[in-house]
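As structure tokens, the structure follows; a few thoughts come after it.
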Amino acid sequence: MSSGFVTTKDGVQIYYKDWGPKTAQPIVFHHGWPLTADDWDNQMMFFYAQGFRVIAHDRRGHGRSTQTDTGNEMDTYAADVAALTDHLDLKNAIHVGHSTGGGEVIHYVARAKPGRVAKAVLIGAVPPIMVKSDKNPGGLPIEVFDGFRAATAANRAQFFYDVPAGPFYGFNRPGAKVDQGVIWNWWRQGMTGSVKAHYDCIKAFSETDFTDDLKKVDVPVLVMHGDDDQIVPIADSALLSAKLVKKGELKVYKGLPHGMCTTHPEIINPDLLAFFKA
């Protein structure tokens with residue numbers, strides 16, 4: 001097992017973990033906002049044990065990567081991923097993205113060098129576009145994301161507790177079994193990053209239009225989404241994305257929340273494995 005940094009063209013250091021045989025097929029995991037590579041602990045351990053090479057990085061401004069005040073938008077995020085895949089010389093890789101990371105995946109895969117990508121997975125992911133507009137009447141009003149920005153800037157320590165304690169994992173639902181450790185781990189990951197990067201990233205995940213990216217991707221894409229996702233509503237995300245990709249497969253999980261990779265790995269991991277091996 002190893003970890004390290006890759007330096008981008010603009011001098012930013014991107015932290016990554018790289019575990020498993022270098023000859024095995026690589027799986028690259030892309031985390032959500034405002035988290036880190038650590039959010040993939042369940043999946044990294046599971047697929048490492050299955051013999052894959054597993055890689056996860058901290059997005060710029062997040063976690064252990066450089067807390068830059070620039071480049072906190074999707075074009076640069078995708079360029080950072082390209083720098084990482086070039087550095088590790090990854091071929092035939094599977095890219096798995098959750099939430100914001102799903103946007104990063106599709107933005108990168110649509111631009112990737114030939115031979116770099118075999119498959120992609122979008123889990124509770126933000127594409128095609130989250131914000132409401134004339135073109136996207138089913139989206140969330142801009143005021144929702146303005147509220148995210150205001151709460152992040154004013155007191156992110158409290159906001160970063162309220163999100164996982166409430167809607168992210170569905171812990172606000174009647175009868176939910178609340179896992180305090182999961183809540184604090186979310187808080188821990190968020191607080192290691194830069195408030196400026198987190199603030200800027202809200203625009204990146206909510207206002208980037210991934211429609212053309214989805215149409216360009218010609219590798220198989222698995223779209224996974226919980227139908228009780230309170231962060232990224234399924235009707236304006238997964239149900240649309242699965243139709244826009246050329247080779248899409250949609251799996252909807254009844255009653256599962258946005259953070260279902262953490263709350264229900266016993267369901268998600270086997271389905272991922274089946275897709276990887278198909």
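Every chain in the structure tokens has a letter given in the order shown (A, B, ...), and although residue numbers restart at 1 in each chain, ligands are simply numbered from 1 in the order shown.
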Practice task
Considering only C-alpha atoms, return as an MDAnalysis selection string whatever protein or nucleic-acid residues lie within 6 Å of region 164-178 of chain A, sequence-local ones (same chain, fewer than 5 positions apart) excluded.
Solution key: chainID A and resid 183 230 257:259
Deliver the residues from the most recent selection as a file, using C-alpha atoms, as a PDB file, in the first residue's frame.
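Resulting contents of selection-v8.pdb:
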ATOM      1  CA  ILE A 183     -21.347  11.790  11.353  1.00  0.00           C
ATOM      2  CA  GLN A 230     -32.361  14.169  -0.132  1.00  0.00           C
ATOM      3  CA  PRO A 257     -29.962   7.833   1.092  1.00  0.00           C
ATOM      4  CA  HIS A 258     -27.332   9.963  -0.626  1.00  0.00           C
ATOM      5  CA  GLY A 259     -24.510   8.418   1.410  1.00  0.00           C
TER       6      GLY A 259
END
6 Å contact set for Ala56 (chain A), only C-alpha atoms, chain neighbours under 3 positions out, as a PDB file with N, CA, C and O atoms, in the first residue's frame:
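File written: around-v3.pdb
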ATOM      1  N   TYR A  16      -2.965  11.346  -3.108  1.00  0.00           N
ATOM      2  CA  TYR A  16      -3.664  10.136  -3.531  1.00  0.00           C
ATOM      3  C   TYR A  16      -3.184   8.922  -2.744  1.00  0.00           C
ATOM      4  O   TYR A  16      -2.069   8.890  -2.222  1.00  0.00           O
ATOM      5  N   LYS A  17      -4.071   7.909  -2.671  1.00  0.00           N
ATOM      6  CA  LYS A  17      -3.736   6.581  -2.159  1.00  0.00           C
ATOM      7  C   LYS A  17      -3.722   5.638  -3.357  1.00  0.00           C
ATOM      8  O   LYS A  17      -4.577   5.759  -4.243  1.00  0.00           O
ATOM      9  N   VAL A  28     -10.529   3.916  -9.830  1.00  0.00           N
ATOM     10  CA  VAL A  28     -10.248   5.253  -9.300  1.00  0.00           C
ATOM     11  C   VAL A  28     -11.538   5.810  -8.696  1.00  0.00           C
ATOM     12  O   VAL A  28     -12.553   5.914  -9.388  1.00  0.00           O
ATOM     13  N   PHE A  29     -11.484   6.155  -7.413  1.00  0.00           N
ATOM     14  CA  PHE A  29     -12.657   6.648  -6.695  1.00  0.00           C
ATOM     15  C   PHE A  29     -12.588   8.175  -6.533  1.00  0.00           C
ATOM     16  O   PHE A  29     -11.552   8.725  -6.148  1.00  0.00           O
ATOM     17  N   ALA A  37     -10.629  11.420   0.058  1.00  0.00           N
ATOM     18  CA  ALA A  37     -10.488  10.022  -0.349  1.00  0.00           C
ATOM     19  C   ALA A  37     -10.938   9.063   0.746  1.00  0.00           C
ATOM     20  O   ALA A  37     -11.351   7.928   0.453  1.00  0.00           O
TER      21      ALA A  37
END
Handout entry: Pick from A:Gly139, A:Gly181, A:Pro114, A:Gly124, whichever lies nearest to Tyr253 (chain A) using only C-alpha atoms
Key =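 Checking each candidate against Tyr253 (chain A), we get A:Gly124 as the closest.
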Handout entry: Close residues, Ala150 (chain A) itself excluded, 12 Å, only C-alpha atoms, min 4 positions apart in chain, as a PyMOL selection string
Key = chain A and resi 143-146+154-156+159+195+198-200+202
Problem - Residues within 8 Å of Leu214 (chain A), only C-alpha atoms, excluding chain neighbours under 2 positions, as a list in words - result: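 The residues that qualify are Ile106, Ala110, Pro128, Phe210, Thr211, Asp212, Lys216, Val217, Ser241, Leu244 and Val245 of chain A.
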Just to be explicit: take each residue in the selection above, keep C-alpha atoms, and write the result as an mmCIF file, in the first residue's frame.
data_model
loop_
_atom_site.group_PDB
_atom_site.id
_atom_site.type_symbol
_atom_site.label_atom_id
_atom_site.label_comp_id
_atom_site.auth_asym_id
_atom_site.auth_seq_id
_atom_site.Cartn_x
_atom_site.Cartn_y
_atom_site.Cartn_z
ATOM 1 C CA ILE A 106 -18.035 12.255 -16.402
ATOM 2 C CA ALA A 110 -15.417 12.695 -21.783
ATOM 3 C CA PRO A 128 -26.717 16.412 -15.806
ATOM 4 C CA PHE A 210 -22.681 17.885 -17.865
ATOM 5 C CA THR A 211 -25.178 17.127 -20.659
ATOM 6 C CA ASP A 212 -22.617 17.204 -23.470
ATOM 7 C CA LYS A 216 -19.796 12.037 -25.499
ATOM 8 C CA VAL A 217 -18.934 9.124 -23.216
ATOM 9 C CA SER A 241 -28.179 10.813 -16.944
ATOM 10 C CA LEU A 244 -28.070 10.562 -22.036
ATOM 11 C CA VAL A 245 -25.126 8.128 -22.020
#
Exercise for the section: Would you kindly return, as an MDAnalysis selection string, each protein, DNA or RNA residue with an atom no farther than 12 Å from any atom of Thr8 (chain A), considering only C-alpha atoms and excluding same-chain residues fewer than 5 positions away? Expected result: chainID A and resid 13:15 59:60 65:66 68 71 76:87
Write the residues of the selection above to a file with all heavy atoms, as a compact mmCIF listing (two decimals), in the first residue's frame.
# COMPACT_ATOMS: atom_id res chain seq x y z
N GLN A 13 -0.51 20.39 -5.37
CA GLN A 13 -0.23 19.01 -5.02
C GLN A 13 -1.53 18.27 -4.72
O GLN A 13 -2.30 18.68 -3.84
CB GLN A 13 0.71 18.93 -3.83
CG GLN A 13 2.15 19.33 -4.15
CD GLN A 13 3.11 18.88 -3.06
OE1 GLN A 13 2.94 19.20 -1.90
NE2 GLN A 13 4.14 18.14 -3.45
N ILE A 14 -1.76 17.21 -5.47
CA ILE A 14 -2.95 16.37 -5.29
C ILE A 14 -2.54 15.10 -4.55
O ILE A 14 -1.70 14.32 -5.03
CB ILE A 14 -3.59 16.01 -6.64
CG1 ILE A 14 -3.97 17.27 -7.43
CG2 ILE A 14 -4.80 15.10 -6.43
CD1 ILE A 14 -5.03 18.13 -6.78
N TYR A 15 -3.12 14.90 -3.38
CA TYR A 15 -2.84 13.71 -2.56
C TYR A 15 -3.61 12.52 -3.10
O TYR A 15 -4.78 12.63 -3.50
CB TYR A 15 -3.24 13.97 -1.11
CG TYR A 15 -3.18 12.73 -0.23
CD1 TYR A 15 -2.00 12.34 0.37
CD2 TYR A 15 -4.32 11.95 -0.03
CE1 TYR A 15 -1.94 11.20 1.16
CE2 TYR A 15 -4.27 10.81 0.76
CZ TYR A 15 -3.07 10.44 1.34
OH TYR A 15 -3.02 9.31 2.12
N ARG A 59 -9.59 15.84 -3.82
CA ARG A 59 -9.73 16.93 -4.80
C ARG A 59 -8.97 18.17 -4.33
O ARG A 59 -8.83 18.40 -3.13
CB ARG A 59 -11.22 17.26 -4.96
CG ARG A 59 -11.56 18.19 -6.11
CD ARG A 59 -13.07 18.25 -6.32
NE ARG A 59 -13.56 16.92 -6.66
CZ ARG A 59 -14.42 16.23 -5.93
NH1 ARG A 59 -14.90 16.72 -4.79
NH2 ARG A 59 -14.79 15.02 -6.30
N ARG A 60 -8.47 18.97 -5.26
CA ARG A 60 -7.75 20.19 -4.86
C ARG A 60 -8.60 21.01 -3.89
O ARG A 60 -9.83 21.11 -4.03
CB ARG A 60 -7.36 21.04 -6.07
CG ARG A 60 -8.50 21.67 -6.83
CD ARG A 60 -7.99 22.76 -7.78
NE ARG A 60 -6.95 22.28 -8.67
CZ ARG A 60 -5.98 23.05 -9.17
NH1 ARG A 60 -5.95 24.35 -8.88
NH2 ARG A 60 -5.06 22.54 -9.97
N SER A 65 -4.76 17.65 -0.04
CA SER A 65 -4.27 18.35 -1.23
C SER A 65 -4.10 19.84 -0.93
O SER A 65 -4.61 20.35 0.07
CB SER A 65 -5.23 18.15 -2.40
OG SER A 65 -5.23 16.78 -2.81
N THR A 66 -3.38 20.54 -1.81
CA THR A 66 -3.12 21.96 -1.63
C THR A 66 -4.41 22.75 -1.48
O THR A 66 -5.35 22.56 -2.25
CB THR A 66 -2.32 22.53 -2.82
OG1 THR A 66 -1.12 21.77 -2.97
CG2 THR A 66 -1.99 24.00 -2.61
N THR A 68 -5.66 25.48 -2.43
CA THR A 68 -5.59 26.57 -3.39
C THR A 68 -6.87 27.39 -3.43
O THR A 68 -7.96 26.85 -3.21
CB THR A 68 -5.29 26.03 -4.80
OG1 THR A 68 -5.33 27.10 -5.73
CG2 THR A 68 -6.31 24.98 -5.21
N GLY A 71 -8.87 27.48 -9.32
CA GLY A 71 -9.09 26.20 -9.99
C GLY A 71 -10.14 25.32 -9.38
O GLY A 71 -10.21 24.13 -9.69
N THR A 76 -10.78 22.31 -14.19
CA THR A 76 -9.51 22.08 -13.50
C THR A 76 -9.54 20.78 -12.72
O THR A 76 -8.53 20.05 -12.67
CB THR A 76 -9.18 23.26 -12.58
OG1 THR A 76 -9.22 24.47 -13.34
CG2 THR A 76 -7.80 23.12 -11.98
N TYR A 77 -10.68 20.46 -12.10
CA TYR A 77 -10.79 19.16 -11.41
C TYR A 77 -10.48 18.02 -12.38
O TYR A 77 -9.75 17.07 -12.04
CB TYR A 77 -12.19 18.95 -10.84
CG TYR A 77 -12.62 19.87 -9.73
CD1 TYR A 77 -13.97 20.05 -9.44
CD2 TYR A 77 -11.70 20.56 -8.95
CE1 TYR A 77 -14.39 20.88 -8.41
CE2 TYR A 77 -12.11 21.39 -7.91
CZ TYR A 77 -13.47 21.55 -7.66
OH TYR A 77 -13.89 22.38 -6.64
N ALA A 78 -11.05 18.08 -13.59
CA ALA A 78 -10.82 17.02 -14.59
C ALA A 78 -9.37 17.01 -15.04
O ALA A 78 -8.79 15.93 -15.25
CB ALA A 78 -11.75 17.22 -15.77
N ALA A 79 -8.76 18.18 -15.18
CA ALA A 79 -7.34 18.26 -15.55
C ALA A 79 -6.47 17.66 -14.45
O ALA A 79 -5.45 17.01 -14.73
CB ALA A 79 -6.96 19.70 -15.82
N ASP A 80 -6.85 17.87 -13.20
CA ASP A 80 -6.11 17.28 -12.08
C ASP A 80 -6.18 15.75 -12.13
O ASP A 80 -5.19 15.05 -11.85
CB ASP A 80 -6.66 17.78 -10.75
CG ASP A 80 -6.39 19.25 -10.48
OD1 ASP A 80 -5.56 19.84 -11.21
OD2 ASP A 80 -7.01 19.81 -9.56
N VAL A 81 -7.35 15.22 -12.47
CA VAL A 81 -7.50 13.76 -12.61
C VAL A 81 -6.62 13.25 -13.75
O VAL A 81 -5.96 12.20 -13.63
CB VAL A 81 -8.97 13.37 -12.83
CG1 VAL A 81 -9.10 11.87 -13.10
CG2 VAL A 81 -9.82 13.76 -11.64
N ALA A 82 -6.60 14.00 -14.85
CA ALA A 82 -5.74 13.61 -15.97
C ALA A 82 -4.27 13.59 -15.55
O ALA A 82 -3.51 12.69 -15.94
CB ALA A 82 -5.95 14.56 -17.15
N ALA A 83 -3.87 14.57 -14.74
CA ALA A 83 -2.49 14.60 -14.24
C ALA A 83 -2.19 13.37 -13.38
O ALA A 83 -1.11 12.78 -13.47
CB ALA A 83 -2.25 15.88 -13.45
N LEU A 84 -3.17 12.98 -12.56
CA LEU A 84 -3.00 11.80 -11.71
C LEU A 84 -2.91 10.52 -12.54
O LEU A 84 -2.03 9.68 -12.32
CB LEU A 84 -4.18 11.71 -10.72
CG LEU A 84 -4.21 10.48 -9.82
CD1 LEU A 84 -3.02 10.45 -8.88
CD2 LEU A 84 -5.52 10.43 -9.03
N THR A 85 -3.80 10.37 -13.51
CA THR A 85 -3.81 9.15 -14.32
C THR A 85 -2.56 9.08 -15.21
O THR A 85 -2.05 7.98 -15.47
CB THR A 85 -5.08 9.05 -15.18
OG1 THR A 85 -5.20 10.21 -16.02
CG2 THR A 85 -6.31 8.94 -14.30
N ASP A 86 -2.06 10.23 -15.65
CA ASP A 86 -0.80 10.24 -16.41
C ASP A 86 0.37 9.85 -15.50
O ASP A 86 1.24 9.07 -15.88
CB ASP A 86 -0.54 11.63 -17.01
CG ASP A 86 -1.43 11.92 -18.21
OD1 ASP A 86 -2.12 11.00 -18.68
OD2 ASP A 86 -1.45 13.09 -18.66
N HIS A 87 0.39 10.42 -14.30
CA HIS A 87 1.46 10.16 -13.34
C HIS A 87 1.55 8.68 -13.00
O HIS A 87 2.66 8.11 -12.91
CB HIS A 87 1.22 11.00 -12.08
CG HIS A 87 2.18 10.75 -10.96
ND1 HIS A 87 3.50 11.11 -11.02
CD2 HIS A 87 2.01 10.14 -9.75
CE1 HIS A 87 4.12 10.75 -9.89
NE2 HIS A 87 3.23 10.17 -9.10
Completion exercise
From the list A:Val182, A:Val121, A:Val232, A:Val163, the nearest residue to Asp271 (chain A) using only C-alpha atoms is A:Val121
Handout entry: Exercise: Thr36 (chain A) partners within 8 Å, only C-alpha atoms, chain neighbours under 5 positions left out, as a PyMOL selection string
Key = chain A and resi 31+57-59+62-63+189-190
Problem - Close residues, Asn269 (chain A) itself excluded, 10 Å, only C-alpha atoms, min 3 positions apart in chain, as a PyMOL selection string - result: chain A and resi 42-43+46-47+261+264-266+272-275
With N, CA, C and O atoms retained, export the selected residues as a compact mmCIF listing (two decimals), in the first residue's frame.
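See again.txt below for the written result:
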# COMPACT_ATOMS: atom_id res chain seq x y z
N ASN A 42 -14.76 1.99 2.84
CA ASN A 42 -15.45 0.70 2.67
C ASN A 42 -15.15 0.07 1.32
O ASN A 42 -14.90 -1.13 1.21
N GLN A 43 -15.18 0.89 0.27
CA GLN A 43 -14.97 0.39 -1.08
C GLN A 43 -13.49 0.07 -1.34
O GLN A 43 -13.17 -0.93 -1.98
N PHE A 46 -12.74 -3.26 0.34
CA PHE A 46 -13.45 -4.36 -0.31
C PHE A 46 -12.79 -4.74 -1.64
O PHE A 46 -12.50 -5.92 -1.90
N PHE A 47 -12.52 -3.75 -2.48
CA PHE A 47 -11.99 -4.05 -3.81
C PHE A 47 -10.49 -4.36 -3.79
O PHE A 47 -10.01 -5.08 -4.66
N CYS A 261 -23.18 4.47 -0.01
CA CYS A 261 -21.94 3.69 -0.05
C CYS A 261 -21.42 3.43 1.36
O CYS A 261 -20.79 2.40 1.61
N HIS A 264 -24.75 1.46 3.41
CA HIS A 264 -25.16 0.14 2.91
C HIS A 264 -24.12 -0.46 1.96
O HIS A 264 -24.43 -0.87 0.83
N PRO A 265 -22.85 -0.57 2.41
CA PRO A 265 -21.84 -1.14 1.52
C PRO A 265 -22.12 -2.60 1.15
O PRO A 265 -21.70 -3.06 0.09
N GLU A 266 -22.86 -3.29 2.02
CA GLU A 266 -23.17 -4.70 1.74
C GLU A 266 -24.10 -4.85 0.53
O GLU A 266 -24.19 -5.93 -0.07
N LEU A 272 -21.40 -3.13 -7.54
CA LEU A 272 -20.24 -2.57 -8.23
C LEU A 272 -19.37 -3.69 -8.80
O LEU A 272 -18.94 -3.64 -9.95
N LEU A 273 -19.12 -4.71 -7.99
CA LEU A 273 -18.27 -5.81 -8.41
C LEU A 273 -18.84 -6.51 -9.64
O LEU A 273 -18.09 -6.84 -10.59
N ALA A 274 -20.13 -6.72 -9.65
CA ALA A 274 -20.79 -7.37 -10.79
C ALA A 274 -20.60 -6.54 -12.06
O ALA A 274 -20.34 -7.10 -13.15
N PHE A 275 -20.72 -5.23 -11.93
CA PHE A 275 -20.54 -4.34 -13.09
C PHE A 275 -19.09 -4.35 -13.56
O PHE A 275 -18.80 -4.38 -14.76
Exercise for the section: Identify, with DSSP run on backbone atoms, the residues in region 37-170 of chain A assigned to alpha helix (DSSP H), and express the list as a ChimeraX atom specification. Expected result: /A:41-49,74-88,100-109,142-163
Problem - For Gly20 (chain A), the nearest of the candidates A:Trp33, A:Asp39, A:Arg53, A:Ile231, counting only C-alpha atoms - result: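 For Gly20 (chain A), the nearest of the candidates is A:Arg53.
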Exercise for the section: Mind giving me the straight-line distance from CA of Asn72 (chain A) to CA of Lys243 (chain A) in Å, one decimal? Expected result: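 So the two atoms, CA of Asn72 (chain A) and CA of Lys243 (chain A), lie 28.4 Å apart.
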Practice task
Could you tell me which of A:Ala49, A:Met74, A:Ala125, A:Ile55 comes closest to Asp236 (chain A) if we count only C-alpha atoms?
Solution key: A:Ala125
